>>> print(open('upload.cif').read())   # mmCIF, C-alpha atoms
data_target
loop_
_atom_site.label_atom_id
_atom_site.label_comp_id
_atom_site.auth_asym_id
_atom_site.auth_seq_id
_atom_site.Cartn_x
_atom_site.Cartn_y
_atom_site.Cartn_z
CA MET A 53 -39.00 -29.31 -114.07
CA THR A 54 -37.42 -29.36 -110.63
CA LYS A 55 -34.04 -30.99 -110.42
CA ARG A 56 -34.21 -34.48 -109.00
CA PRO A 57 -31.38 -35.65 -106.76
CA ASP A 58 -29.13 -38.06 -108.66
CA GLY A 59 -29.45 -40.75 -106.02
CA THR A 60 -33.20 -41.00 -106.57
CA LEU A 61 -32.86 -41.68 -110.30
CA GLU A 62 -30.19 -44.31 -109.66
CA HIS A 63 -32.53 -45.95 -107.19
CA ASP A 64 -35.50 -45.82 -109.60
CA ILE A 65 -33.46 -47.39 -112.41
CA MET A 66 -32.26 -50.15 -110.10
CA ALA A 67 -35.90 -50.78 -109.13
CA VAL A 68 -36.84 -51.13 -112.82
CA LEU A 69 -33.96 -53.57 -113.42
CA TRP A 70 -34.88 -55.64 -110.36
CA SER A 71 -38.49 -55.99 -111.47
CA ALA A 72 -37.57 -56.82 -115.08
CA GLU A 73 -37.69 -60.40 -116.34
CA GLY A 74 -34.39 -60.05 -118.24
CA PRO A 75 -31.78 -57.58 -119.52
CA LEU A 76 -33.18 -54.27 -120.81
CA GLN A 77 -32.13 -51.63 -123.33
CA PRO A 78 -31.87 -48.03 -122.09
CA GLY A 79 -35.00 -47.14 -124.10
CA ASP A 80 -37.03 -49.88 -122.39
CA ILE A 81 -35.82 -48.66 -118.99
CA ARG A 82 -36.86 -45.12 -119.84
CA ASP A 83 -40.33 -46.32 -120.86
CA ARG A 84 -40.80 -48.20 -117.59
CA LEU A 85 -39.77 -45.23 -115.39
CA GLN A 86 -42.62 -43.25 -113.88
CA VAL A 87 -41.04 -39.95 -114.89
CA ASP A 88 -40.42 -38.37 -118.27
CA LEU A 89 -36.68 -38.41 -118.99
CA ALA A 90 -34.35 -37.93 -121.92
CA TYR A 91 -32.71 -41.07 -123.30
CA THR A 92 -29.29 -39.58 -122.62
CA SER A 93 -30.03 -39.01 -118.91
CA VAL A 94 -30.94 -42.68 -118.54
CA ALA A 95 -27.78 -43.69 -120.43
CA THR A 96 -25.64 -41.41 -118.23
CA VAL A 97 -27.01 -42.85 -115.00
CA LEU A 98 -26.60 -46.38 -116.38
CA SER A 99 -22.93 -45.82 -117.10
CA ARG A 100 -22.50 -44.39 -113.60
CA LEU A 101 -24.19 -47.47 -112.12
CA GLN A 102 -21.95 -49.65 -114.25
CA ALA A 103 -18.87 -47.83 -112.94
CA LYS A 104 -20.07 -48.54 -109.40
CA GLY A 105 -20.41 -52.22 -110.29
CA LEU A 106 -24.16 -52.21 -109.65
CA VAL A 107 -25.26 -53.07 -113.19
CA SER A 108 -23.64 -55.22 -115.86
CA ARG A 109 -23.76 -54.45 -119.58
CA SER A 110 -23.79 -56.93 -122.43
CA GLU A 111 -24.27 -56.77 -126.19
CA ALA A 112 -27.50 -58.00 -127.75
CA GLY A 113 -27.42 -57.61 -131.50
CA ARG A 114 -26.64 -53.99 -132.29
CA ALA A 115 -27.60 -52.57 -128.89
CA PHE A 116 -26.36 -52.76 -125.32
CA VAL A 117 -28.58 -54.27 -122.69
CA TYR A 118 -28.30 -53.81 -118.94
CA GLU A 119 -29.17 -55.93 -115.93
CA ALA A 120 -28.68 -55.62 -112.18
CA ALA A 121 -25.39 -57.11 -110.99
CA PHE A 122 -26.88 -57.90 -107.56
CA ASP A 123 -30.42 -58.63 -106.52
CA GLU A 124 -32.03 -56.29 -104.05
CA SER A 125 -31.23 -58.29 -100.90
CA GLN A 126 -27.59 -58.93 -101.92
CA LEU A 127 -27.17 -55.22 -102.50
CA ALA A 128 -28.66 -54.41 -99.08
CA VAL A 129 -26.17 -56.79 -97.41
CA ARG A 130 -23.29 -55.18 -99.30
CA ARG A 131 -24.42 -51.68 -98.34
CA ILE A 132 -24.93 -52.56 -94.65
CA GLY A 133 -21.44 -54.08 -94.59
CA GLU A 134 -20.04 -50.85 -95.96
CA VAL A 135 -21.96 -48.77 -93.41
CA TYR A 136 -20.80 -51.02 -90.57
CA ASN A 137 -17.18 -50.61 -91.65
CA ALA A 138 -17.65 -46.86 -91.61
CA VAL A 139 -19.21 -47.00 -88.13
CA THR A 140 -16.16 -48.74 -86.72
CA ASP A 141 -13.74 -46.36 -88.46
CA LYS A 142 -12.37 -43.90 -85.92
CA ARG A 143 -12.35 -41.10 -88.47
CA SER A 144 -15.86 -41.85 -89.56
CA VAL A 145 -18.14 -39.25 -91.09
CA LEU A 146 -21.13 -41.00 -89.50
CA ALA A 147 -23.09 -39.93 -86.45
CA GLY A 148 -24.22 -42.93 -84.46
CA PHE A 149 -25.48 -44.09 -81.10
CA LEU A 150 -22.26 -45.54 -79.80
CA GLY A 151 -18.52 -45.38 -79.53
CA THR A 152 -16.02 -48.06 -78.63
CA LEU A 153 -15.40 -48.84 -74.97
CA SER A 154 -12.17 -49.45 -73.14
CA THR A 155 -12.00 -51.77 -70.12
CA LYS A 156 -11.97 -48.66 -67.93
CA ASP A 157 -15.09 -47.35 -69.71
CA VAL A 158 -16.91 -50.63 -69.02
CA ALA A 159 -16.08 -50.41 -65.32
CA ALA A 160 -17.20 -46.75 -65.21
CA LEU A 161 -20.54 -47.62 -66.88
CA ARG A 162 -21.20 -50.43 -64.41
CA THR A 163 -20.46 -48.12 -61.47
CA MET A 164 -22.84 -45.46 -62.75
CA LEU A 165 -25.69 -47.66 -63.94
CA GLY A 166 -25.45 -50.70 -61.65
CA GLU A 167 -24.02 -54.17 -62.22
CA ASP A 168 -27.32 -55.52 -63.61
CA ILE A 169 -27.02 -53.29 -66.70
CA GLY A 170 -25.83 -56.19 -68.85
CA MET B 33 10.89 -18.63 -89.83
CA SER B 34 9.42 -15.24 -89.36
CA PHE B 35 7.93 -14.23 -86.06
CA SER B 36 4.85 -12.78 -87.72
CA LEU B 37 4.03 -16.17 -89.20
CA LEU B 38 3.95 -18.14 -85.97
CA THR B 39 2.64 -15.72 -83.34
CA PRO B 40 -0.94 -15.38 -84.65
CA LEU B 41 -1.14 -19.14 -85.08
CA ALA B 42 0.07 -19.76 -81.53
CA ILE B 43 -2.47 -17.28 -80.13
CA ALA B 44 -5.26 -18.84 -82.22
CA THR B 45 -4.35 -22.32 -80.95
CA VAL B 46 -4.39 -21.22 -77.31
CA LEU B 47 -7.77 -19.51 -77.82
CA ALA B 48 -9.31 -22.53 -79.55
CA VAL B 49 -8.10 -24.92 -76.85
CA ALA B 50 -9.38 -22.58 -74.13
CA ILE B 51 -12.80 -22.27 -75.75
CA THR B 52 -13.27 -25.98 -76.36
CA THR B 53 -12.07 -26.88 -72.85
CA LEU B 54 -15.16 -25.12 -71.54
CA HIS B 55 -17.44 -27.28 -73.70
CA ARG B 56 -18.97 -29.11 -70.72
CA ARG B 57 -20.40 -25.86 -69.39
CA LEU B 58 -22.24 -25.17 -72.64
CA THR B 59 -25.49 -26.70 -73.81
CA PRO B 60 -24.62 -29.47 -76.32
CA ALA B 61 -26.01 -27.57 -79.31
CA LEU B 62 -23.91 -24.47 -78.53
CA ALA B 63 -20.89 -26.64 -77.67
CA ALA B 64 -21.11 -28.45 -81.02
CA ARG B 65 -21.38 -25.19 -82.98
CA THR B 66 -18.54 -23.56 -81.03
CA ALA B 67 -16.22 -26.56 -81.38
CA THR B 68 -16.93 -26.84 -85.12
CA LEU B 69 -16.19 -23.16 -85.60
CA CYS B 70 -12.92 -23.56 -83.65
CA VAL B 71 -11.82 -26.52 -85.78
CA VAL B 72 -12.57 -24.70 -89.04
CA VAL B 73 -10.96 -21.42 -88.01
CA LEU B 74 -7.88 -23.13 -86.63
CA ALA B 75 -7.46 -25.17 -89.80
CA ALA B 76 -7.82 -21.97 -91.80
CA ALA B 77 -5.15 -20.30 -89.64
CA ALA B 78 -2.69 -23.18 -89.79
CA MET B 79 -2.93 -24.11 -93.46
CA PRO B 80 -1.27 -20.97 -94.89
CA THR B 81 1.55 -21.38 -92.36
CA LEU B 82 2.06 -24.99 -93.39
CA TRP B 83 2.09 -24.13 -97.08
CA LEU B 84 4.45 -21.19 -96.55
CA VAL B 85 6.93 -23.37 -94.69
CA ALA B 86 6.69 -25.97 -97.48
CA ILE B 87 7.25 -23.32 -100.17
CA GLY B 88 10.04 -21.71 -98.15
CA TYR B 89 11.83 -25.06 -98.02
CA LEU B 90 11.30 -25.90 -101.69
CA ALA B 91 12.40 -22.42 -102.81
CA HIS B 92 15.89 -22.93 -101.42
CA LEU B 93 16.45 -26.40 -102.83
CA PRO B 94 19.46 -26.22 -105.18
CA PHE B 95 17.90 -28.19 -108.04
CA LEU B 96 15.12 -25.62 -108.43
CA HIS B 97 17.82 -23.03 -109.36
CA GLY B 98 15.96 -20.27 -107.57
CA ARG B 99 12.80 -20.67 -109.62
CA LEU B 100 10.71 -20.17 -106.49
CA ASP B 101 12.82 -17.23 -105.27
CA TRP B 102 10.12 -14.68 -106.06
CA CYS B 103 7.85 -16.70 -103.80
CA ALA B 104 10.25 -16.75 -100.87
CA GLU B 105 10.94 -13.07 -101.48
CA THR B 106 7.26 -12.21 -101.06
CA PHE B 107 7.07 -13.84 -97.68
CA GLY B 108 10.36 -12.53 -96.42
CA LEU B 109 11.69 -16.08 -96.18
CA HIS B 110 15.31 -15.11 -96.85
CA GLU B 111 16.84 -17.80 -94.74
CA ALA B 112 16.51 -21.36 -95.91
CA ILE B 113 14.13 -23.52 -93.92
CA GLY B 114 15.91 -26.62 -92.66
CA PRO B 115 14.83 -30.05 -93.85
CA TRP B 116 13.75 -31.02 -90.31
CA LEU B 117 10.91 -28.51 -90.72
CA GLY B 118 10.63 -28.37 -94.49
CA VAL B 119 10.29 -32.07 -95.30
CA PRO B 120 7.43 -32.70 -92.82
CA ALA B 121 5.68 -29.57 -94.07
CA VAL B 122 5.86 -30.71 -97.70
CA LEU B 123 4.74 -34.24 -96.79
CA LEU B 124 1.89 -32.99 -94.61
CA SER B 125 0.66 -30.66 -97.38
CA VAL B 126 0.65 -33.41 -100.00
CA LEU B 127 -0.82 -36.09 -97.73
CA GLY B 128 -3.42 -33.63 -96.48
CA ILE B 129 -4.81 -33.09 -99.95
CA ALA B 130 -4.95 -36.86 -100.56
CA ARG B 131 -6.74 -37.45 -97.25
CA LEU B 132 -9.16 -34.61 -98.00
CA GLY B 133 -10.20 -36.44 -101.17
CA ARG B 134 -10.60 -39.73 -99.36
CA THR B 135 -12.81 -38.21 -96.63
CA LEU B 136 -15.03 -36.52 -99.23
CA ALA B 137 -15.31 -39.77 -101.21
CA SER B 138 -16.33 -41.70 -98.10
CA TYR B 139 -19.01 -39.11 -97.32
CA ARG B 140 -20.37 -39.21 -100.85
CA ARG B 141 -20.42 -43.00 -100.92
CA LEU B 142 -22.46 -43.21 -97.72
CA ARG B 143 -24.76 -40.34 -98.64
CA HIS B 144 -28.35 -41.38 -98.98
CA HIS B 145 -30.78 -38.93 -100.57
CA HIS B 146 -34.13 -40.61 -100.52
CA SER B 147 -35.22 -41.59 -97.05
CA ASP B 148 -37.40 -44.56 -96.30
CA GLY B 149 -37.55 -43.36 -92.69
CA VAL B 150 -36.14 -45.94 -90.31
CA GLU B 151 -34.63 -49.09 -91.77
CA VAL B 152 -33.85 -52.25 -89.82
CA ALA B 153 -30.98 -54.21 -91.38
CA HIS B 154 -30.00 -57.78 -90.62
CA HIS B 155 -26.66 -57.63 -88.86
CA ASP B 156 -25.10 -59.49 -85.94
CA GLU B 157 -23.44 -56.40 -84.50
CA VAL B 158 -25.33 -53.89 -82.39
CA PHE B 159 -25.32 -50.46 -84.03
CA ALA B 160 -27.48 -47.51 -85.03
CA VAL B 161 -26.48 -44.77 -87.47
CA THR B 162 -27.89 -41.88 -89.43
CA LEU B 163 -26.62 -41.82 -92.99
CA PRO B 164 -25.39 -38.47 -94.35
CA GLY B 165 -27.59 -36.55 -96.78
CA ARG B 166 -30.77 -34.56 -96.66
CA GLY B 167 -32.92 -37.69 -96.46
CA GLY B 168 -31.76 -38.37 -92.91
CA HIS B 169 -31.98 -42.11 -93.36
CA VAL B 170 -31.76 -44.00 -90.05
CA LEU B 171 -30.30 -47.50 -90.05
CA LEU B 172 -30.70 -49.83 -87.05
CA SER B 173 -29.20 -53.30 -86.88
CA SER B 174 -31.58 -56.17 -86.14
CA SER B 175 -29.46 -57.17 -83.13
CA LEU B 176 -29.97 -53.70 -81.64
CA VAL B 177 -33.73 -53.79 -82.19
CA ASN B 178 -33.99 -57.27 -80.66
CA MET B 179 -32.16 -56.38 -77.44
CA LEU B 180 -34.32 -53.31 -76.66
CA ASP B 181 -37.90 -52.95 -75.47
CA GLU B 182 -40.26 -50.51 -77.15
CA ALA B 183 -39.46 -47.51 -74.92
CA GLU B 184 -35.72 -48.02 -75.47
CA GLN B 185 -36.17 -48.33 -79.25
CA THR B 186 -38.05 -45.02 -79.21
CA ILE B 187 -35.07 -43.42 -77.45
CA VAL B 188 -32.55 -44.72 -80.00
CA ILE B 189 -34.74 -43.56 -82.89
CA ALA B 190 -35.26 -40.12 -81.29
CA HIS B 191 -31.47 -39.85 -80.89
CA GLU B 192 -30.84 -40.71 -84.54
CA GLN B 193 -33.58 -38.41 -85.77
CA ALA B 194 -31.93 -35.52 -83.95
CA HIS B 195 -28.77 -36.23 -85.99
CA ALA B 196 -30.90 -36.22 -89.13
CA SER B 197 -33.04 -33.14 -88.52
CA HIS B 198 -30.14 -30.94 -87.36
CA ARG B 199 -27.89 -32.18 -90.20
CA HIS B 200 -25.15 -33.33 -87.84
CA ASP B 201 -23.51 -35.03 -90.83
CA ARG B 202 -22.42 -31.61 -92.06
CA PHE B 203 -20.75 -30.68 -88.75
CA LEU B 204 -18.95 -34.02 -88.74
CA LEU B 205 -17.87 -33.73 -92.36
CA VAL B 206 -16.41 -30.26 -91.79
CA ALA B 207 -14.54 -31.44 -88.68
CA GLN B 208 -13.19 -34.55 -90.43
CA LEU B 209 -12.06 -32.52 -93.46
CA ALA B 210 -10.14 -30.22 -91.12
CA VAL B 211 -8.49 -33.27 -89.51
CA ALA B 212 -7.70 -34.63 -92.97
CA VAL B 213 -5.57 -31.59 -93.83
CA LEU B 214 -4.21 -31.18 -90.32
CA PRO B 215 -4.10 -34.38 -88.21
CA PRO B 216 -3.18 -32.51 -84.97
CA LEU B 217 -6.76 -31.16 -84.97
CA LEU B 218 -8.08 -34.63 -84.09
CA PRO B 219 -8.69 -33.83 -80.38
CA LEU B 220 -10.86 -30.86 -81.38
CA ALA B 221 -12.79 -32.97 -83.91
CA ARG B 222 -13.45 -35.53 -81.15
CA ARG B 223 -15.05 -32.74 -79.12
CA VAL B 224 -17.29 -31.87 -82.07
CA GLN B 225 -18.32 -35.51 -82.31
CA PHE B 226 -18.92 -35.76 -78.57
CA SER B 227 -21.08 -32.61 -78.49
CA LEU B 228 -23.15 -33.87 -81.43
CA GLU B 229 -23.84 -37.13 -79.60
CA ARG B 230 -24.72 -35.19 -76.43
CA TRP B 231 -27.01 -32.95 -78.49
CA ALA B 232 -28.85 -36.02 -79.81
CA ASP B 233 -28.98 -37.58 -76.31
CA GLU B 234 -30.66 -34.43 -74.95
CA HIS B 235 -33.11 -34.52 -77.85
CA ALA B 236 -34.02 -38.09 -76.85
CA VAL B 237 -34.53 -36.87 -73.26
CA SER B 238 -36.89 -34.15 -74.48
CA LYS B 239 -38.91 -36.83 -76.31
CA CYS B 240 -39.24 -39.32 -73.44
CA GLY B 241 -38.73 -37.06 -70.42
CA ASP B 242 -36.61 -39.57 -68.50
CA ARG B 243 -32.88 -38.81 -68.27
CA GLN B 244 -32.25 -41.99 -66.29
CA LEU B 245 -33.85 -44.18 -68.95
CA VAL B 246 -31.85 -42.56 -71.76
CA ALA B 247 -28.65 -43.08 -69.72
CA ARG B 248 -29.51 -46.76 -69.10
CA THR B 249 -30.36 -47.38 -72.75
CA LEU B 250 -27.11 -45.81 -73.91
CA GLY B 251 -25.14 -47.83 -71.37
CA ARG B 252 -26.84 -51.10 -72.32
CA VAL B 253 -26.29 -50.56 -76.05
CA ALA B 254 -22.66 -49.56 -75.56
CA LEU B 255 -21.88 -52.59 -73.40
CA ARG B 256 -23.35 -54.94 -75.96
CA SER B 257 -21.85 -53.30 -79.01
CA THR B 258 -18.11 -53.77 -78.61
CA SER B 259 -15.51 -56.15 -77.35
CA PRO B 260 -13.82 -54.25 -74.53
CA ALA B 261 -10.36 -55.74 -75.09
CA GLY B 262 -8.08 -53.54 -77.17
CA ALA B 263 -10.74 -50.98 -78.00
CA LEU B 264 -9.86 -47.31 -78.35
CA ALA B 265 -10.60 -45.09 -75.40
CA PHE B 266 -11.84 -41.61 -76.13
CA SER B 267 -10.33 -40.24 -72.90
CA GLY B 268 -13.34 -38.62 -71.30
CA LEU B 269 -15.16 -38.02 -74.55
CA GLY B 270 -16.84 -41.39 -74.85
CA VAL B 271 -20.01 -43.13 -73.72
CA PRO B 272 -19.22 -42.94 -69.95
CA ALA B 273 -18.98 -39.14 -70.17
CA ARG B 274 -22.33 -39.04 -72.01
CA VAL B 275 -23.97 -41.28 -69.41
CA ALA B 276 -22.53 -39.11 -66.61
CA ALA B 277 -23.94 -35.99 -68.29
CA LEU B 278 -27.36 -37.65 -68.56
CA LEU B 279 -27.35 -38.67 -64.88
CA ALA B 280 -26.42 -35.10 -63.90
CA PRO B 281 -28.95 -32.24 -64.04
CA PRO B 282 -29.29 -30.61 -67.47
CA THR B 283 -26.82 -27.87 -68.47
CA LEU B 284 -28.25 -24.39 -68.05
CA PRO B 285 -28.01 -21.84 -70.85
CA LEU B 286 -25.12 -19.38 -70.45
CA ARG B 287 -25.67 -16.08 -68.66
CA SER B 288 -25.13 -12.95 -70.69
CA PRO B 289 -21.62 -12.02 -69.41
CA SER B 290 -20.27 -15.52 -70.14
CA LYS B 291 -21.95 -15.46 -73.53
CA LEU B 292 -20.27 -12.15 -74.31
CA LEU B 293 -16.91 -13.60 -73.26
CA LEU B 294 -17.43 -16.69 -75.42
CA PHE B 295 -18.41 -14.72 -78.52
CA GLY B 296 -15.55 -12.28 -77.88
CA ALA B 297 -13.06 -15.14 -77.79
CA LEU B 298 -14.54 -16.65 -80.97
CA GLY B 299 -14.28 -13.28 -82.68
CA MET B 300 -10.63 -12.89 -81.68
CA LEU B 301 -9.88 -16.40 -82.89
CA THR B 302 -11.42 -15.62 -86.27
CA ALA B 303 -9.47 -12.36 -86.50
CA PHE B 304 -6.13 -14.07 -85.87
CA SER B 305 -6.98 -16.72 -88.40
CA LEU B 306 -7.90 -14.16 -91.06
CA TYR B 307 -4.64 -12.34 -90.35
CA GLN B 308 -2.76 -15.47 -91.44
CA TRP B 309 -4.41 -15.26 -94.83
CA HIS B 310 -2.85 -11.91 -95.67
CA HIS B 311 0.32 -13.87 -96.52
CA VAL B 312 -1.68 -15.86 -99.06
CA VAL B 313 -3.24 -12.68 -100.43
CA LEU B 314 0.28 -11.28 -100.90
CA MET B 315 1.30 -14.39 -102.80
CA VAL B 316 -1.71 -14.19 -105.10
CA ALA B 317 -1.06 -10.50 -105.72
CA GLU B 318 2.54 -11.34 -106.68
CA LEU B 319 1.39 -14.12 -108.99
CA CYS B 320 -1.03 -11.83 -110.79
CA ALA B 321 1.65 -9.20 -111.24
CA LEU B 322 3.96 -11.64 -113.02
#
>>> encode(input="upload.cif", output="structure tokens")
Amino acid sequence: MTKRPDGTLEHDIMAVLWSAEGPLQPGDIRDRLQVDLAYTSVATVLSRLQAKGLVSRSEAGRAFVYEAAFDESQLAVRRIGEVYNAVTDKRSVLAGFLGTLSTKDVAALRTMLGEDIG
Amino acid sequence: MSFSLLTPLAIATVLAVAITTLHRRLTPALAARTATLCVVVLAAAAMPTLWLVAIGYLAHLPFLHGRLDWCAETFGLHEAIGPWLGVPAVLLSVLGIARLGRTLASYRRLRHHHSDGVEVAHHDEVFAVTLPGRGGHVLLSSSLVNMLDEAEQTIVIAHEQAHASHRHDRFLLVAQLAVAVLPPLLPLARRVQFSLERWADEHAVSKCGDRQLVARTLGRVALRSTSPAGALAFSGLGVPARVAALLAPPTLPLRSPSKLLLFGALGMLTAFSLYQWHHVVLMVAELCAL
């Protein structure tokens, strides 16, 4: 089997939890995944997701059950906020379309591109 | 301080500054590669020096009772290094390692493996980024998409996809890691960043064929994206410099003699940097002999 990037499995497990009607046991999650995986791999990724605060764990009888801590849209908002913070960080590791402008920069842009630029 | 410790570093610094000063004459792709190499090599040249100064200072501290003497002996650091040089060196070494970890963590947190192509996210600010990772996931804010017409959106997406397909995240990561261990390298890292953006701008030009339109789009987005008051200026390495480069005719590839000169200078820089590491090799040899 080719090695799957970790991020993909995390994403797939989150997708299973989002589409579930309630909390699930690791075995149930494994059964609902499209790919064939060992129980322990699912458990490992679940504990990693829990450490990131993306899933919450609770006890149901003798077993642990997991559910998503955020729904899909809440998570997207959280992630975009994080990305935006990184964009505005001057030591950012992100490549983007823009940088910040000083007052002098604004004047220079208007001179080069015309006052109607916006 | 021994003469042999500082001279190669000084020469390497002068070479790196000289090479990166010429970055406007190079095509953006070559400029980005050259500047990245300079940052890495210079960091590699300076780090052993920094550590040696730190060790040289610690070795002569009275409470260590000469436990690091063998170390100082190896480097010929017989005279004590004063605290005015030693304390900053120790602090910089320790802080550098902490910052290195933080930069790596930030990269890993933002890394996005599976790409869904181009994603539009609801956000009031105007921005467009390519997330690190082999997926090359492009994220545009809804405000950006709404302010642009279709031709302009194509330009922004072409720009971001150039970042993704040429793995610009790796260049940036390497440059930022170098800055993390050695903050004085920040001006060189800014040049890496600038050349990467120029590289992506030129890619957008090759997609739409209109330099003027790419320049206008960039200008419009930049003017909408930030509040001018109190913002950081990149002193000639910001959006105005990119717009000016787009309004000017494209940079021609280097002629052979200049190319030879450039590669010669890069080679010399690497040689001086490697020379610095012989001190470290000596230390390791001493350690193994113990």
>>> resolve_selection(input="upload.cif", expression="the PyMOL selection byres ((chain B) within 8 of (chain A))", output="PyMOL selection string")
chain B and resi 135+138-139+142+144-146+153-155+159-164+188+191-192+195+200-201+204-205+208+225+228-229+247-248+250-265+270-272+275-276
>>> resolve_selection(input="upload.cif", expression="the PyMOL selection byres ((chain B and resi 299) around 12)", output="number ranges by chain")
B: 44, 47-48, 51, 66, 69-70, 73, 292-298, 300-306
>>> residues_around(input="upload.cif", residues="region 82-88 of chain A", least_positions_apart="6", cutoff="12 Å", atoms="only C-alpha atoms", output="ChimeraX atom specification")
/A:53-54,56,60-72,76,94-98
>>> residues_around(input="upload.cif", residues="Glu234 (chain B)", least_positions_apart="6", cutoff="9 Å", atoms="all atoms listed in the file", output="MDAnalysis selection string")
chainID B and resid 60 191 243 246 278 282
>>> residues_around(input="upload.cif", residues="Leu209 (chain B)", least_positions_apart="4", cutoff="10 Å", atoms="all atoms listed in the file", output="ChimeraX atom specification")
/A:143,145 /B:71-72,75,128-129,131-136,204-205,213-215,221
>>> write_last_selection(input="upload.cif", atoms="C-alpha atoms", output="PDB file, keeping the file's coordinate frame")
ATOM      1  CA  ARG A 143     -12.350 -41.100 -88.470  1.00  0.00           C
ATOM      2  CA  VAL A 145     -18.140 -39.250 -91.090  1.00  0.00           C
TER       3      VAL A 145
ATOM      4  CA  VAL B  71     -11.820 -26.520 -85.780  1.00  0.00           C
ATOM      5  CA  VAL B  72     -12.570 -24.700 -89.040  1.00  0.00           C
ATOM      6  CA  ALA B  75      -7.460 -25.170 -89.800  1.00  0.00           C
ATOM      7  CA  GLY B 128      -3.420 -33.630 -96.480  1.00  0.00           C
ATOM      8  CA  ILE B 129      -4.810 -33.090 -99.950  1.00  0.00           C
ATOM      9  CA  ARG B 131      -6.740 -37.450 -97.250  1.00  0.00           C
ATOM     10  CA  LEU B 132      -9.160 -34.610 -98.000  1.00  0.00           C
ATOM     11  CA  GLY B 133     -10.200 -36.440-101.170  1.00  0.00           C
ATOM     12  CA  ARG B 134     -10.600 -39.730 -99.360  1.00  0.00           C
ATOM     13  CA  THR B 135     -12.810 -38.210 -96.630  1.00  0.00           C
ATOM     14  CA  LEU B 136     -15.030 -36.520 -99.230  1.00  0.00           C
ATOM     15  CA  LEU B 204     -18.950 -34.020 -88.740  1.00  0.00           C
ATOM     16  CA  LEU B 205     -17.870 -33.730 -92.360  1.00  0.00           C
ATOM     17  CA  VAL B 213      -5.570 -31.590 -93.830  1.00  0.00           C
ATOM     18  CA  LEU B 214      -4.210 -31.180 -90.320  1.00  0.00           C
ATOM     19  CA  PRO B 215      -4.100 -34.380 -88.210  1.00  0.00           C
ATOM     20  CA  ALA B 221     -12.790 -32.970 -83.910  1.00  0.00           C
TER      21      ALA B 221
END
>>> resolve_selection(input="upload.cif", expression="the PyMOL selection byres ((chain B and resi 63-65) around 9)", output="list in words")
Thr52, Leu54, His55, Arg56, Arg57, Leu58, Thr59, Pro60, Ala61, Leu62, Thr66, Ala67, Thr68, Leu69, Cys70, Phe203, Arg223, Val224, Gln225, Phe226, Ser227, Leu228, Arg230 and Trp231 of chain B
>>> write_last_selection(input="upload.cif", atoms="C-alpha atoms", output="PDB file, keeping the file's coordinate frame")
ATOM      1  CA  THR B  52     -13.270 -25.980 -76.360  1.00  0.00           C
ATOM      2  CA  LEU B  54     -15.160 -25.120 -71.540  1.00  0.00           C
ATOM      3  CA  HIS B  55     -17.440 -27.280 -73.700  1.00  0.00           C
ATOM      4  CA  ARG B  56     -18.970 -29.110 -70.720  1.00  0.00           C
ATOM      5  CA  ARG B  57     -20.400 -25.860 -69.390  1.00  0.00           C
ATOM      6  CA  LEU B  58     -22.240 -25.170 -72.640  1.00  0.00           C
ATOM      7  CA  THR B  59     -25.490 -26.700 -73.810  1.00  0.00           C
ATOM      8  CA  PRO B  60     -24.620 -29.470 -76.320  1.00  0.00           C
ATOM      9  CA  ALA B  61     -26.010 -27.570 -79.310  1.00  0.00           C
ATOM     10  CA  LEU B  62     -23.910 -24.470 -78.530  1.00  0.00           C
ATOM     11  CA  THR B  66     -18.540 -23.560 -81.030  1.00  0.00           C
ATOM     12  CA  ALA B  67     -16.220 -26.560 -81.380  1.00  0.00           C
ATOM     13  CA  THR B  68     -16.930 -26.840 -85.120  1.00  0.00           C
ATOM     14  CA  LEU B  69     -16.190 -23.160 -85.600  1.00  0.00           C
ATOM     15  CA  CYS B  70     -12.920 -23.560 -83.650  1.00  0.00           C
ATOM     16  CA  PHE B 203     -20.750 -30.680 -88.750  1.00  0.00           C
ATOM     17  CA  ARG B 223     -15.050 -32.740 -79.120  1.00  0.00           C
ATOM     18  CA  VAL B 224     -17.290 -31.870 -82.070  1.00  0.00           C
ATOM     19  CA  GLN B 225     -18.320 -35.510 -82.310  1.00  0.00           C
ATOM     20  CA  PHE B 226     -18.920 -35.760 -78.570  1.00  0.00           C
ATOM     21  CA  SER B 227     -21.080 -32.610 -78.490  1.00  0.00           C
ATOM     22  CA  LEU B 228     -23.150 -33.870 -81.430  1.00  0.00           C
ATOM     23  CA  ARG B 230     -24.720 -35.190 -76.430  1.00  0.00           C
ATOM     24  CA  TRP B 231     -27.010 -32.950 -78.490  1.00  0.00           C
TER      25      TRP B 231
END
>>> residues_around(input="upload.cif", residues="Arg109 (chain A)", least_positions_apart="2", cutoff="7 Å", atoms="all atoms listed in the file", output="MDAnalysis selection string")
chainID A and resid 107 116:119
>>> closest_residue(input="upload.cif", among="A:Leu106, A:Glu111, A:Thr92, A:Asp80", to="Gln126 (chain A)", atoms="all atoms listed in the file")
A:Leu106
>>> closest_residue(input="upload.cif", among="B:Leu117, B:Leu172, B:Leu279, B:Val152", to="Trp83 (chain B)", atoms="all atoms listed in the file")
B:Leu117
>>> atom_distance(input="upload.cif", atom1="CA of Leu127 (chain A)", atom2="CA of Gly149 (chain B)")
18.6 Å
>>> atom_distance(input="upload.cif", atom1="CA of Gly118 (chain B)", atom2="CA of Leu220 (chain B)")
25.3 Å
>>> atom_distance(input="upload.cif", atom1="CA of Gln308 (chain B)", atom2="CA of Pro80 (chain B)")
6.7 Å
>>> residues_around(input="upload.cif", residues="Asp156 (chain B)", least_positions_apart="2", cutoff="8 Å", atoms="all atoms listed in the file", output="list in words")
His154, Val158, Ser173, Ser174 and Ser175 of chain B
